[in-house]
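Each remark here refers to the structure printed beneath this line.
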Amino acid sequence: MKQEKAIVVFSGGQDSTTCLFWAKERFEEVEAVTFDYGQRHRLEIECAKEIAEELGVKHHILDMSLLNQLAPNALTRQDIKVEEGENGELPSTFVPGRNLLFLSFAGVLASQVGAKHIVTGVCETDFSGYPDCRDVFIKSLNVTLNLSMDDSFVIETPLMWLDKAQTWELADQFGALEFIRERTLTCYNGVIADGCGECPACKLRNKGLDEYLSFRKES
């Protein structure tokens, strides 16, 4: 795989940045793609641009504003409150069709730049109930992508079965823990690094970091 090329679906957050480091370790050439879908915090795109530039990765930003029109939610509307799902309902941060569209367009881009690997940070262990983060969805879409373009892409999901503590451990293995902690934006309220500490994304991220640092200290 070291001589092959990969496209990383890249938001500038903890998970996708960890995946970017993972891909740089495994592939000869890596490019990143960020989707502008009118997300609530434009700072997300700026973070992605800065990280890609610092790591020397060619960066594509694609206009996906149609998704904003079709799927109003807490990540695209200031007037929709960020809330966790209750009684089996999805969180208000779920964007219907997001990963379906992102990975499909990443596949089109991959076909244009000669990449056979599409890397995404989706995770079924800490997935907040999002149906498009499940392994079964990724495997299904992988088959569909290959059939639709008569090609042989592989959708890589290095974080699929890791919890947040293990994702921090993986970052640490690449010598990137502090970089990811300080430079990425995961917070639903648009606060870089450790975030607001109150939203569901921050709670998950910070809990995982505390668990990993405690484990590292003990060992």
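Note on naming: chains are A, B, ... as they come in the structure tokens, residues start from 1 per chain, ligands start from 1 in the order shown.
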
List the neighbours of Ala201 of chain A out to 7 Å using only C-alpha atoms; skip same-chain residues closer than 4 positions along the sequence, and give me the result as a PDB file with N, CA, C and O atoms, in the first residue's frame.
ATOM      1  N   THR A 186     -13.327  20.048  17.047  1.00  0.00           N
ATOM      2  CA  THR A 186     -14.354  19.013  17.172  1.00  0.00           C
ATOM      3  C   THR A 186     -15.628  19.578  17.790  1.00  0.00           C
ATOM      4  O   THR A 186     -16.721  19.052  17.592  1.00  0.00           O
ATOM      5  N   CYS A 187     -15.485  20.656  18.528  1.00  0.00           N
ATOM      6  CA  CYS A 187     -16.556  21.249  19.332  1.00  0.00           C
ATOM      7  C   CYS A 187     -17.737  21.724  18.484  1.00  0.00           C
ATOM      8  O   CYS A 187     -17.561  22.431  17.485  1.00  0.00           O
ATOM      9  N   TYR A 188     -18.951  21.374  18.898  1.00  0.00           N
ATOM     10  CA  TYR A 188     -20.155  21.825  18.202  1.00  0.00           C
ATOM     11  C   TYR A 188     -20.394  23.333  18.364  1.00  0.00           C
ATOM     12  O   TYR A 188     -21.170  23.930  17.625  1.00  0.00           O
ATOM     13  N   ARG A 205     -14.846  13.678  23.436  1.00  0.00           N
ATOM     14  CA  ARG A 205     -13.424  13.873  23.154  1.00  0.00           C
ATOM     15  C   ARG A 205     -12.610  13.974  24.446  1.00  0.00           C
ATOM     16  O   ARG A 205     -11.579  13.318  24.600  1.00  0.00           O
TER      17      ARG A 205
END

Who sits within 8 Å of Arg98 of chain A, only C-alpha atoms, same chain under 3 positions skipped, as a list in words: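 That gives Leu67, Val95, Leu101, Phe102 and Asp132 of chain A.
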
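Proximity of A:Asp15, A:Asp194, A:Glu25, A:Glu178 to Leu162 of chain A, computed with only C-alpha atoms, is greatest for A:Asp15.
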
### Message
Give me, as a ChimeraX atom specification, all polymer residues having an atom no more than 10 Å from Leu170 of chain A, counting only C-alpha atoms and skipping those fewer than 5 positions away in the same chain.
### Response
/A:18-19,21-22,158-159,162,164-165,175-177

The residue from A:Thr120, A:Met160, A:Leu147, A:Thr17 with the smallest atom-to-atom distance to Arg134 of chain A, counting only C-alpha atoms, is A:Met160

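Of the residues listed (A:Asp126, A:Gly208, A:Asp63, A:Phe179), A:Phe179 shows the shortest atom-to-atom separation from Ile192 of chain A; distances use only C-alpha atoms.
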
Pick out the closest residue to Lys58 of chain A from this set: A:Val33, A:Ile45, A:Val191, A:Leu209. Count only C-alpha atoms.
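Using only C-alpha atoms, Lys58 of chain A sits closest to A:Val33.
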
* Asked: When you draw a straight line from atom CA of Ser11 of chain A to atom CA of Glu44 of chain A, how long is it in Å?
  ->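 Rounded to one decimal, the two atoms are 6.6 Å apart.
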
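Taking atom CA of Val113 of chain A as the reference point, atom CA of Ala32 of chain A is found at 11.4 Å.
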
Nearby residues (only C-alpha atoms) at most 12 Å from Asp210 of chain A, same-chain spacing under 3 positions excluded, as a PDB file with C-alpha atoms, in the first residue's frame:
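In the end it all went to selection.pdb:
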ATOM      1  CA  LYS A 164     -12.060   7.857  21.861  1.00  0.00           C
ATOM      2  CA  ALA A 165      -9.326   6.822  24.303  1.00  0.00           C
ATOM      3  CA  GLN A 166      -7.950   4.407  21.704  1.00  0.00           C
ATOM      4  CA  TRP A 168      -5.987   9.360  21.220  1.00  0.00           C
ATOM      5  CA  GLU A 169      -3.603   6.431  21.698  1.00  0.00           C
ATOM      6  CA  ARG A 181      -5.240  18.323  20.786  1.00  0.00           C
ATOM      7  CA  ASP A 194     -10.226  21.339  24.101  1.00  0.00           C
ATOM      8  CA  CYS A 202     -16.447  17.881  23.662  1.00  0.00           C
ATOM      9  CA  LYS A 203     -17.601  15.552  26.411  1.00  0.00           C
ATOM     10  CA  LEU A 204     -16.780  12.506  24.288  1.00  0.00           C
ATOM     11  CA  ARG A 205     -13.424  13.873  23.154  1.00  0.00           C
ATOM     12  CA  ASN A 206     -12.299  15.049  26.607  1.00  0.00           C
ATOM     13  CA  LYS A 207     -13.471  11.893  28.364  1.00  0.00           C
ATOM     14  CA  LEU A 213      -3.695  10.046  29.667  1.00  0.00           C
ATOM     15  CA  SER A 214      -4.600   8.218  32.890  1.00  0.00           C
ATOM     16  CA  PHE A 215      -3.761   4.872  31.245  1.00  0.00           C
ATOM     17  CA  ARG A 216      -0.466   6.238  29.877  1.00  0.00           C
ATOM     18  CA  LYS A 217       0.509   7.578  33.278  1.00  0.00           C
TER      19      LYS A 217
END

**Item:** Nearest-residue call for Gly56 of chain A, choices A:Asp150, A:Glu29, A:Asp36, A:Glu218, using only C-alpha atoms
**Value:**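 When distances to Gly56 of chain A are compared using only C-alpha atoms, the smallest one comes from A:Glu29.
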
Legend entry - Nearby residues (only C-alpha atoms) at most 12 Å from Asp151 of chain A, same-chain spacing under 2 positions excluded, as a list in words: Gly107, Val108, Ala110, Ser111, Gln112, Gly114, Ala115, Lys116, His117, Asn142, Val143, Thr144, Leu145, Asn146, Leu147, Ser148, Met149, Phe153 and Val154 of chain A
